[in-house]
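So this one's protein-v8.tsv, TSV, C-alpha atoms:
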```
chain	number	residue	atom	x	y	z
L	60	MET	CA	0.00	0.00	0.00
L	61	LYS	CA	1.52	3.27	-1.12
L	62	ALA	CA	0.77	6.49	0.69
L	63	ALA	CA	2.01	10.04	0.32
L	64	VAL	CA	1.93	12.76	2.96
L	65	ILE	CA	1.79	16.30	1.58
L	66	VAL	CA	4.07	18.81	3.27
L	67	PHE	CA	3.28	22.54	3.21
L	68	PRO	CA	5.32	25.31	4.82
L	69	GLY	CA	3.86	25.28	8.34
L	70	SER	CA	2.73	21.63	8.39
L	71	ASN	CA	3.73	20.16	11.75
L	72	CYS	CA	1.98	16.79	11.96
L	73	ASP	CA	3.39	15.44	8.69
L	74	ARG	CA	5.97	13.16	10.29
L	75	ASP	CA	3.54	11.93	12.96
L	76	LEU	CA	1.09	10.99	10.21
L	77	ALA	CA	3.83	9.24	8.21
L	78	VAL	CA	4.88	7.24	11.31
L	79	ALA	CA	1.28	6.18	12.02
L	80	LEU	CA	0.80	5.07	8.39
L	81	GLU	CA	4.12	3.21	8.35
L	82	ARG	CA	3.30	1.41	11.60
L	83	ALA	CA	0.06	0.26	9.99
L	84	GLY	CA	2.03	-1.16	7.06
L	85	ALA	CA	2.03	1.57	4.42
L	86	GLN	CA	5.00	2.59	2.31
L	87	VAL	CA	5.05	6.38	2.77
L	88	SER	CA	6.67	9.14	0.75
L	89	MET	CA	6.67	12.83	1.65
L	90	VAL	CA	5.61	15.20	-1.13
L	91	TRP	CA	6.44	18.92	-1.10
L	92	HIS	CA	3.65	21.39	-1.94
L	93	LYS	CA	5.51	22.81	-4.96
L	94	ASP	CA	5.65	19.42	-6.66
L	95	THR	CA	3.12	19.06	-9.41
L	96	GLU	CA	3.03	15.27	-9.62
L	97	LEU	CA	2.33	12.56	-7.10
L	98	PRO	CA	4.35	9.34	-6.92
L	99	ALA	CA	3.00	6.71	-9.33
L	100	GLY	CA	0.64	4.00	-8.08
L	101	LEU	CA	-0.49	5.88	-5.02
L	102	ASP	CA	-3.38	4.48	-2.95
L	103	LEU	CA	-3.72	7.12	-0.26
L	104	ILE	CA	-2.85	10.79	0.24
L	105	GLY	CA	-2.55	12.16	3.76
L	106	ILE	CA	-2.94	15.90	4.30
L	107	PRO	CA	-1.47	16.59	7.72
L	108	GLY	CA	-2.24	18.99	10.53
L	109	GLY	CA	-0.37	22.21	11.17
L	110	PHE	CA	-0.60	25.81	10.10
L	111	SER	CA	0.01	25.75	6.36
L	112	PHE	CA	1.11	29.18	5.12
L	113	GLY	CA	0.68	30.56	8.62
L	114	ASP	CA	-3.13	30.26	8.35
L	115	TYR	CA	-2.97	33.48	6.28
L	116	LEU	CA	-6.19	34.60	4.60
L	117	ARG	CA	-8.16	31.57	5.87
L	118	CYS	CA	-6.92	28.27	7.31
L	119	GLY	CA	-6.06	25.98	4.40
L	120	ALA	CA	-7.01	28.48	1.67
L	121	ILE	CA	-3.52	29.04	0.27
L	122	ALA	CA	-2.54	25.38	0.59
L	123	ALA	CA	-5.71	24.44	-1.31
L	124	ASN	CA	-4.43	26.48	-4.25
L	125	SER	CA	-0.86	25.13	-4.18
L	126	PRO	CA	0.46	23.19	-7.21
L	127	ILE	CA	0.27	19.76	-5.53
L	128	CYS	CA	-3.39	20.24	-4.60
L	129	ARG	CA	-4.38	20.09	-8.26
L	130	ALA	CA	-2.87	16.60	-8.30
L	131	VAL	CA	-4.63	15.76	-5.00
L	132	ILE	CA	-7.98	16.79	-6.51
L	133	GLY	CA	-7.24	14.63	-9.57
L	134	HIS	CA	-6.41	11.64	-7.34
L	135	ALA	CA	-9.69	12.09	-5.41
L	136	GLU	CA	-11.68	12.49	-8.61
L	137	ARG	CA	-10.22	9.21	-9.91
L	138	GLY	CA	-11.58	7.53	-6.77
L	139	GLY	CA	-8.35	7.64	-4.75
L	140	TYR	CA	-8.34	7.77	-0.95
L	141	VAL	CA	-7.56	11.02	0.87
L	142	LEU	CA	-7.27	11.54	4.63
L	143	GLY	CA	-7.16	15.15	5.86
L	144	ILE	CA	-6.50	15.73	9.54
L	145	CYS	CA	-7.01	19.08	11.29
L	146	ASN	CA	-5.43	21.63	8.91
L	147	GLY	CA	-5.79	18.85	6.31
L	148	PHE	CA	-9.59	18.89	6.85
L	149	GLN	CA	-9.53	22.68	6.37
L	150	VAL	CA	-7.57	22.21	3.13
L	151	LEU	CA	-10.13	19.63	1.92
L	152	THR	CA	-13.06	21.99	2.49
L	153	GLU	CA	-11.17	24.81	0.77
L	154	THR	CA	-10.57	22.59	-2.28
L	155	HIS	CA	-14.29	21.64	-2.17
L	156	LEU	CA	-13.41	17.94	-2.03
L	157	LEU	CA	-15.50	18.07	1.13
L	158	PRO	CA	-18.50	20.39	1.60
L	159	GLY	CA	-18.98	23.03	4.29
L	160	ALA	CA	-16.41	25.23	6.01
L	161	LEU	CA	-14.39	25.33	9.24
L	162	MET	CA	-14.73	28.56	11.17
L	163	ARG	CA	-13.15	30.05	14.29
L	164	ASN	CA	-14.09	28.03	17.43
L	165	SER	CA	-17.23	29.45	19.02
L	166	GLY	CA	-15.33	29.98	22.30
L	167	LEU	CA	-12.61	31.85	20.34
L	168	LYS	CA	-9.89	29.87	22.11
L	169	PHE	CA	-7.39	27.41	20.69
L	170	VAL	CA	-8.49	24.11	22.22
L	171	CYS	CA	-5.83	21.47	22.86
L	172	ARG	CA	-7.02	18.44	24.82
L	173	THR	CA	-8.19	14.86	24.43
L	174	GLU	CA	-11.87	14.61	23.51
L	175	THR	CA	-14.33	11.74	23.39
L	176	LEU	CA	-15.51	11.03	19.85
L	177	ARG	CA	-18.35	8.80	18.74
L	178	VAL	CA	-18.01	6.68	15.63
L	179	THR	CA	-21.07	7.74	13.65
L	180	THR	CA	-20.65	5.46	10.64
L	181	THR	CA	-18.68	2.27	10.19
L	182	ASP	CA	-19.41	2.25	6.46
L	183	SER	CA	-16.02	3.44	5.19
L	184	ALA	CA	-12.49	2.16	4.83
L	185	PHE	CA	-11.50	4.62	7.57
L	186	THR	CA	-14.03	3.57	10.18
L	187	GLY	CA	-14.71	-0.09	9.33
L	188	ALA	CA	-12.65	-1.42	12.24
L	189	TYR	CA	-14.73	0.42	14.84
L	190	ALA	CA	-18.15	-0.46	16.20
L	191	ALA	CA	-21.06	1.88	15.49
L	192	GLY	CA	-21.37	4.33	18.38
L	193	GLN	CA	-17.98	3.31	19.79
L	194	GLU	CA	-16.38	6.02	21.92
L	195	LEU	CA	-12.79	6.98	21.18
L	196	ARG	CA	-10.36	9.15	23.12
L	197	ILE	CA	-8.49	11.26	20.56
L	198	PRO	CA	-6.76	14.63	20.97
L	199	ILE	CA	-7.84	17.82	19.26
L	200	ALA	CA	-5.61	20.91	18.83
L	201	HIS	CA	-7.21	23.67	16.79
L	202	HIS	CA	-8.46	27.24	16.67
L	203	ASP	CA	-10.74	26.82	13.65
L	204	GLY	CA	-12.62	23.56	13.96
L	205	ASN	CA	-16.15	24.88	14.09
L	206	TYR	CA	-17.77	22.99	11.20
L	207	GLN	CA	-20.45	25.04	9.47
L	208	ALA	CA	-22.92	23.97	6.82
L	209	ASP	CA	-26.46	25.00	5.98
L	210	ASP	CA	-29.47	22.94	7.10
L	211	ALA	CA	-29.81	21.25	3.71
L	212	LEU	CA	-26.19	20.05	3.78
L	213	ILE	CA	-26.41	18.77	7.38
L	214	GLU	CA	-29.58	16.89	6.42
L	215	ARG	CA	-27.84	15.46	3.35
L	216	LEU	CA	-24.75	14.37	5.33
L	217	ARG	CA	-27.05	12.59	7.77
L	218	ALA	CA	-29.23	11.00	5.09
L	219	GLU	CA	-26.18	9.73	3.20
L	220	ASP	CA	-24.52	8.49	6.43
L	221	ARG	CA	-21.46	10.67	5.78
L	222	ILE	CA	-20.83	11.94	9.30
L	223	ALA	CA	-17.82	9.84	10.36
L	224	PHE	CA	-17.25	11.12	13.90
L	225	THR	CA	-19.08	13.40	16.33
L	226	TYR	CA	-17.91	14.95	19.61
L	227	ALA	CA	-19.49	13.64	22.81
L	228	ALA	CA	-19.08	17.16	24.30
L	229	ASN	CA	-18.86	19.77	21.53
L	230	PRO	CA	-15.61	21.74	22.06
L	231	ASN	CA	-15.87	24.26	19.20
L	232	GLY	CA	-19.46	24.98	18.18
L	233	SER	CA	-19.50	22.57	15.22
L	234	ARG	CA	-22.95	22.04	13.76
L	235	ALA	CA	-24.45	18.66	14.68
L	236	ASP	CA	-21.31	18.07	16.86
L	237	ILE	CA	-19.46	17.10	13.68
L	238	ALA	CA	-15.79	16.12	14.11
L	239	GLY	CA	-15.29	14.44	10.73
L	240	ILE	CA	-17.12	13.85	7.45
L	241	LEU	CA	-16.82	11.66	4.36
L	242	SER	CA	-17.09	12.54	0.68
L	243	GLU	CA	-19.94	11.23	-1.44
L	244	ASN	CA	-17.87	8.23	-2.59
L	245	ARG	CA	-16.75	7.67	1.06
L	246	ARG	CA	-13.08	7.74	0.07
L	247	VAL	CA	-12.19	11.20	1.33
L	248	LEU	CA	-12.28	11.74	5.10
L	249	GLY	CA	-11.70	15.07	6.79
L	250	MET	CA	-11.51	15.20	10.60
L	251	MET	CA	-10.34	17.79	13.13
L	252	PRO	CA	-9.13	15.32	15.83
L	253	HIS	CA	-5.68	13.76	15.48
L	254	PRO	CA	-5.78	9.93	15.26
L	255	GLU	CA	-2.01	9.93	14.60
L	256	ARG	CA	-1.56	11.32	18.11
L	257	ALA	CA	-3.46	8.36	19.59
L	258	ALA	CA	-1.79	5.52	17.71
L	259	GLU	CA	0.77	4.04	20.13
L	260	PRO	CA	0.61	3.11	23.83
L	261	VAL	CA	3.09	5.88	24.65
L	262	HIS	CA	0.56	8.43	23.33
L	263	GLY	CA	-1.80	7.58	26.18
L	264	SER	CA	-4.48	6.27	23.80
L	265	THR	CA	-4.35	3.87	20.89
L	266	ASP	CA	-7.92	4.59	19.77
L	267	GLY	CA	-6.67	6.17	16.53
L	268	ALA	CA	-4.67	3.12	15.43
L	269	PRO	CA	-7.63	1.10	14.03
L	270	LEU	CA	-8.35	3.94	11.60
L	271	PHE	CA	-4.96	3.47	9.95
L	272	GLY	CA	-5.14	-0.32	10.24
L	273	SER	CA	-8.52	-0.64	8.57
L	274	LEU	CA	-7.58	1.86	5.88
L	275	ILE	CA	-4.51	-0.10	4.92
L	276	ALA	CA	-6.35	-3.45	5.14
L	277	ALA	CA	-9.02	-2.09	2.78
L	278	MET	CA	-6.39	-1.29	0.19
L	279	VAL	CA	-4.47	-4.54	0.22
L	280	PRO	CA	-5.89	-6.67	-2.61
L	281	ALA	CA	-7.68	-9.68	-1.16
S	166	MET	CA	-5.97	50.68	-11.01
S	167	LYS	CA	-6.81	50.10	-7.35
S	168	ALA	CA	-9.42	47.69	-6.10
S	169	ARG	CA	-10.70	47.14	-2.61
S	170	VAL	CA	-12.46	43.94	-1.58
S	171	HIS	CA	-14.61	43.72	1.54
S	172	VAL	CA	-15.09	40.17	2.78
S	173	MET	CA	-17.78	39.57	5.41
S	174	LEU	CA	-19.41	36.49	6.89
S	175	LYS	CA	-22.76	35.94	5.21
S	176	THR	CA	-25.89	37.04	7.03
S	177	GLY	CA	-27.04	34.20	9.24
S	178	VAL	CA	-23.54	32.79	9.82
S	179	LEU	CA	-22.70	33.28	13.50
S	180	ASP	CA	-19.65	35.53	13.90
S	181	PRO	CA	-18.01	34.57	17.23
S	182	GLN	CA	-15.31	37.24	16.87
S	183	GLY	CA	-17.84	40.02	16.23
S	184	GLU	CA	-19.77	38.78	19.26
S	185	ALA	CA	-16.62	38.96	21.43
S	186	VAL	CA	-15.99	42.54	20.23
S	187	ARG	CA	-19.58	43.46	21.11
S	188	HIS	CA	-19.09	42.12	24.66
S	189	ALA	CA	-15.80	44.00	25.03
S	190	LEU	CA	-17.44	47.25	23.89
S	191	GLY	CA	-20.18	46.71	26.48
S	192	ALA	CA	-17.53	46.15	29.15
S	193	LEU	CA	-15.93	49.47	28.18
S	194	GLY	CA	-19.21	51.24	28.82
S	195	PHE	CA	-20.38	51.66	25.22
S	196	ASP	CA	-24.04	50.94	25.69
S	197	GLY	CA	-26.49	50.13	22.96
S	198	VAL	CA	-24.17	48.23	20.61
S	199	GLU	CA	-26.71	45.72	19.42
S	200	ALA	CA	-24.58	43.76	16.98
S	201	VAL	CA	-20.99	43.67	15.71
S	202	ARG	CA	-19.85	41.81	12.62
S	203	GLN	CA	-16.25	41.86	11.57
S	204	GLY	CA	-14.67	41.11	8.24
S	205	LYS	CA	-11.59	41.98	6.27
S	206	VAL	CA	-10.53	44.50	3.66
S	207	ILE	CA	-8.10	43.48	0.92
S	208	GLU	CA	-6.51	46.20	-1.25
S	209	LEU	CA	-5.18	45.31	-4.66
S	210	ASP	CA	-3.02	47.29	-7.05
S	211	LEU	CA	-3.81	46.12	-10.59
S	212	ALA	CA	-2.07	46.70	-13.93
S	213	GLU	CA	-5.50	46.66	-15.60
S	214	THR	CA	-6.75	50.16	-16.58
S	215	ASP	CA	-10.32	49.33	-17.61
S	216	ALA	CA	-12.72	49.42	-14.65
S	217	ASP	CA	-15.08	46.72	-15.95
S	218	ALA	CA	-12.24	44.36	-16.81
S	219	ALA	CA	-10.67	44.99	-13.39
S	220	ARG	CA	-13.96	44.24	-11.65
S	221	ALA	CA	-14.39	41.01	-13.60
S	222	GLN	CA	-10.82	39.99	-12.75
S	223	VAL	CA	-11.26	40.74	-9.03
S	224	ARG	CA	-14.56	38.86	-8.98
S	225	GLN	CA	-12.71	35.76	-10.20
S	226	MET	CA	-10.05	36.28	-7.54
S	227	CYS	CA	-12.78	36.41	-4.90
S	228	GLU	CA	-14.44	33.24	-6.15
S	229	LYS	CA	-11.15	31.35	-6.35
S	230	LEU	CA	-9.25	32.57	-3.32
S	231	LEU	CA	-10.11	35.80	-1.53
S	232	ALA	CA	-13.46	34.68	-0.12
S	233	ASN	CA	-14.85	31.30	0.91
S	234	THR	CA	-18.30	31.67	-0.59
S	235	VAL	CA	-19.66	28.85	1.58
S	236	ILE	CA	-19.62	31.23	4.55
S	237	GLU	CA	-18.45	34.61	3.23
S	238	SER	CA	-19.80	37.28	0.91
S	239	TYR	CA	-17.69	39.91	-0.83
S	240	ASP	CA	-18.06	43.38	-2.20
S	241	ILE	CA	-15.71	44.97	-4.76
S	242	GLU	CA	-14.84	48.67	-5.04
S	243	ILE	CA	-12.86	49.78	-8.08
S	244	GLY	CA	-10.85	53.02	-8.36
```
Write the structure described by the file as structure tokens, please.
Amino acid sequence: MKAAVIVFPGSNCDRDLAVALERAGAQVSMVWHKDTELPAGLDLIGIPGGFSFGDYLRCGAIAANSPICRAVIGHAERGGYVLGICNGFQVLTETHLLPGALMRNSGLKFVCRTETLRVTTTDSAFTGAYAAGQELRIPIAHHDGNYQADDALIERLRAEDRIAFTYAANPNGSRADIAGILSENRRVLGMMPHPERAAEPVHGSTDGAPLFGSLIAAMVPA
Amino acid sequence: MKARVHVMLKTGVLDPQGEAVRHALGALGFDGVEAVRQGKVIELDLAETDADAARAQVRQMCEKLLANTVIESYDIEIG
């Protein structure tokens, strides 16, 4: 299974994400934002957390218009898997690979702590190893994680079973307590919490590890 | 030619920063501030000399980068 992690100026969870993917069995290459082509035969693209381009203009907006993101959009449109975590989720909404937008937290504070998430759908390669409704302890660390969408979109996400994770106690004002959502083809996941920071016993929680495990298992030809 | 773009959160989108400013104004004794909404102003210096062409160009910039039209609206001033 071949994965690439995109690195922008200001990304700071890129190596953590690469380590988590490698531990789960992926062969990972790092790809710089100015590159215009992705490695051949790629199964998965990871867009890591951090503060790409200093969060200038809007979080993720400048990264979403970087040369490599055109290739990321092409990969997603061909049915490739994409995982965007934290700033990566913001980048995915700015590229419109995922709908809605991430706004400043309703409490205006940067929130950095471990939250309880609920697995809202198990119908995806990302969440297939969890049980429906399972509670996970996974850290969040963001200033702009307040997911906003109009009523029609929230209704659609619910009807199509595309809400991947919700917060047990909403930390940021997100509509419908949304922590992560899937694309229409269920192959693009954006989430604010950091599963790569809950992937080894030394992290204090390993609840994020099954996400990487099931993702890689889904891509290994049977 | 100069252009100025005003980007604001759309009506109906809760603006937590504007709300915090409103509270702070109240704390300073400015009574009667019923609502505050904050946005940003972006000034552009363009080589284009035709006002209509400049406006069309800036509109594209807004759609592609300067505003996130899911939550923001924009207003363009030329000249």
Residues within 9 Å of (-4.1, 25.5, 11.6), counting all atoms listed in the file, listed as a PDB file with C-alpha atoms, keeping the file's coordinate frame:
```pdb
ATOM      1  CA  GLY L  69       3.860  25.280   8.340  1.00  0.00           C
ATOM      2  CA  SER L  70       2.730  21.630   8.390  1.00  0.00           C
ATOM      3  CA  GLY L 108      -2.240  18.990  10.530  1.00  0.00           C
ATOM      4  CA  GLY L 109      -0.370  22.210  11.170  1.00  0.00           C
ATOM      5  CA  PHE L 110      -0.600  25.810  10.100  1.00  0.00           C
ATOM      6  CA  SER L 111       0.010  25.750   6.360  1.00  0.00           C
ATOM      7  CA  GLY L 113       0.680  30.560   8.620  1.00  0.00           C
ATOM      8  CA  ASP L 114      -3.130  30.260   8.350  1.00  0.00           C
ATOM      9  CA  CYS L 118      -6.920  28.270   7.310  1.00  0.00           C
ATOM     10  CA  GLY L 119      -6.060  25.980   4.400  1.00  0.00           C
ATOM     11  CA  CYS L 145      -7.010  19.080  11.290  1.00  0.00           C
ATOM     12  CA  ASN L 146      -5.430  21.630   8.910  1.00  0.00           C
ATOM     13  CA  GLY L 147      -5.790  18.850   6.310  1.00  0.00           C
ATOM     14  CA  GLN L 149      -9.530  22.680   6.370  1.00  0.00           C
ATOM     15  CA  ALA L 200      -5.610  20.910  18.830  1.00  0.00           C
ATOM     16  CA  HIS L 201      -7.210  23.670  16.790  1.00  0.00           C
ATOM     17  CA  HIS L 202      -8.460  27.240  16.670  1.00  0.00           C
ATOM     18  CA  ASP L 203     -10.740  26.820  13.650  1.00  0.00           C
TER      19      ASP L 203
END
```
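Atom pair CA of Arg202 in chain S / CA of Asp240 in chain S has a distance of 15.0 Å (rounded to one decimal).
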Using all atoms listed in the file, which residues of chain L come within 10 Å of chain S, and what is the closest atom pair for each, with the distance in Å to one decimal? Give it as a Markdown table, sorted by chain and residue number.
```
| residue | atom | partner | partner_atom | distance |
| --- | --- | --- | --- | --- |
| L:Leu116 | CA | S:Leu231 | CA | 7.4 |
| L:Arg117 | CA | S:Asn233 | CA | 8.3 |
| L:Ala120 | CA | S:Leu230 | CA | 6.8 |
| L:Ile121 | CA | S:Leu230 | CA | 7.6 |
| L:Ala123 | CA | S:Leu230 | CA | 9.1 |
| L:Asn124 | CA | S:Leu230 | CA | 7.8 |
| L:Thr152 | CA | S:Val235 | CA | 9.6 |
| L:Glu153 | CA | S:Asn233 | CA | 7.5 |
| L:Thr154 | CA | S:Lys229 | CA | 9.7 |
| L:His155 | CA | S:Val235 | CA | 9.7 |
| L:Pro158 | CA | S:Val235 | CA | 8.5 |
| L:Gly159 | CA | S:Val235 | CA | 6.5 |
| L:Ala160 | CA | S:Val235 | CA | 6.6 |
| L:Leu161 | CA | S:Ile236 | CA | 9.2 |
| L:Met162 | CA | S:Ile236 | CA | 8.7 |
| L:Arg163 | CA | S:Pro181 | CA | 7.3 |
| L:Asn164 | CA | S:Pro181 | CA | 7.6 |
| L:Ser165 | CA | S:Pro181 | CA | 5.5 |
| L:Gly166 | CA | S:Pro181 | CA | 7.3 |
| L:Leu167 | CA | S:Pro181 | CA | 6.8 |
| L:Gln207 | CA | S:Ile236 | CA | 8.0 |
| L:Ala208 | CA | S:Val235 | CA | 7.9 |
| L:Asp209 | CA | S:Val235 | CA | 9.0 |
| L:Gly232 | CA | S:Pro181 | CA | 9.7 |
```
### Task
Find the distance between CA of Val178 in chain L and CA of Val131 in chain L and write it in Å to one decimal.
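Separation of CA of Val178 in chain L and CA of Val131 in chain L: 26.2 Å.
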### Query
Hey, can you check how far CA of Arg217 in chain L sits from CA of Glu243 in chain L?
11.7 Å
### Query
If we count only C-alpha atoms, what is near range 86-90 of chain L at a cut-off of 6 Å, once residues fewer than 2 positions away on the same chain are taken out, given as a list in words?
Lys61, Ala62, Ala63, Val64, Ile65 and Val66 of chain L
### Task
Check the smallest atom-to-atom distance from each of S:Gly183, S:Gly191, S:Gly244, S:Gly204 to Asp217 in chain S using all atoms listed in the file, then report the winner.
S:Gly244
Long-range neighbours of range 132-139 of chain L as an mmCIF file with C-alpha atoms, in the coordinates of the input, 8 Å cut-off, only C-alpha atoms, 6 positions minimum in chain:
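around.cif, written as the output of this step:
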```cif
data_model
loop_
_atom_site.group_PDB
_atom_site.id
_atom_site.type_symbol
_atom_site.label_atom_id
_atom_site.label_comp_id
_atom_site.auth_asym_id
_atom_site.auth_seq_id
_atom_site.Cartn_x
_atom_site.Cartn_y
_atom_site.Cartn_z
ATOM 1 C CA ASP L 102 -3.380 4.480 -2.950
ATOM 2 C CA LEU L 103 -3.720 7.120 -0.260
ATOM 3 C CA THR L 154 -10.570 22.590 -2.280
ATOM 4 C CA LEU L 156 -13.410 17.940 -2.030
ATOM 5 C CA ASN L 244 -17.870 8.230 -2.590
ATOM 6 C CA ARG L 246 -13.080 7.740 0.070
ATOM 7 C CA VAL L 247 -12.190 11.200 1.330
#
```
### Message
Ranking S:Gln203, S:Ile241, S:Ala192, S:Val172 by minimum distance to Ala221 in chain S and counting all atoms listed in the file, which one comes first?
### Response
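Closest residue, counting all atoms listed in the file: S:Ile241.
Closest approach to Leu142 in chain L among L:Phe67, L:Tyr226, L:Phe185, L:Trp91: L:Phe185, based on all atoms listed in the file.
Closest to Arg169 in chain S among S:Glu213, S:Glu208, S:Glu228, S:Asp196 is S:Glu208, based on only C-alpha atoms.
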Residues near Leu270 in chain L, cut-off 12 Å, all atoms listed in the file, skip fewer than 3 positions along chain, as a CSV table (one decimal) with C-alpha atoms, in the frame of the given file:
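Okay, this is what ended up in around11.csv:
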```csv
chain,number,residue,atom,x,y,z
L,76,LEU,CA,1.1,11.0,10.2
L,79,ALA,CA,1.3,6.2,12.0
L,80,LEU,CA,0.8,5.1,8.4
L,82,ARG,CA,3.3,1.4,11.6
L,83,ALA,CA,0.1,0.3,10.0
L,142,LEU,CA,-7.3,11.5,4.6
L,178,VAL,CA,-18.0,6.7,15.6
L,181,THR,CA,-18.7,2.3,10.2
L,183,SER,CA,-16.0,3.4,5.2
L,184,ALA,CA,-12.5,2.2,4.8
L,185,PHE,CA,-11.5,4.6,7.6
L,186,THR,CA,-14.0,3.6,10.2
L,187,GLY,CA,-14.7,-0.1,9.3
L,188,ALA,CA,-12.6,-1.4,12.2
L,189,TYR,CA,-14.7,0.4,14.8
L,190,ALA,CA,-18.2,-0.5,16.2
L,195,LEU,CA,-12.8,7.0,21.2
L,197,ILE,CA,-8.5,11.3,20.6
L,223,ALA,CA,-17.8,9.8,10.4
L,224,PHE,CA,-17.2,11.1,13.9
L,248,LEU,CA,-12.3,11.7,5.1
L,250,MET,CA,-11.5,15.2,10.6
L,253,HIS,CA,-5.7,13.8,15.5
L,254,PRO,CA,-5.8,9.9,15.3
L,255,GLU,CA,-2.0,9.9,14.6
L,256,ARG,CA,-1.6,11.3,18.1
L,257,ALA,CA,-3.5,8.4,19.6
L,258,ALA,CA,-1.8,5.5,17.7
L,265,THR,CA,-4.4,3.9,20.9
L,266,ASP,CA,-7.9,4.6,19.8
L,267,GLY,CA,-6.7,6.2,16.5
L,273,SER,CA,-8.5,-0.6,8.6
L,274,LEU,CA,-7.6,1.9,5.9
L,275,ILE,CA,-4.5,-0.1,4.9
L,276,ALA,CA,-6.4,-3.4,5.1
L,277,ALA,CA,-9.0,-2.1,2.8
```
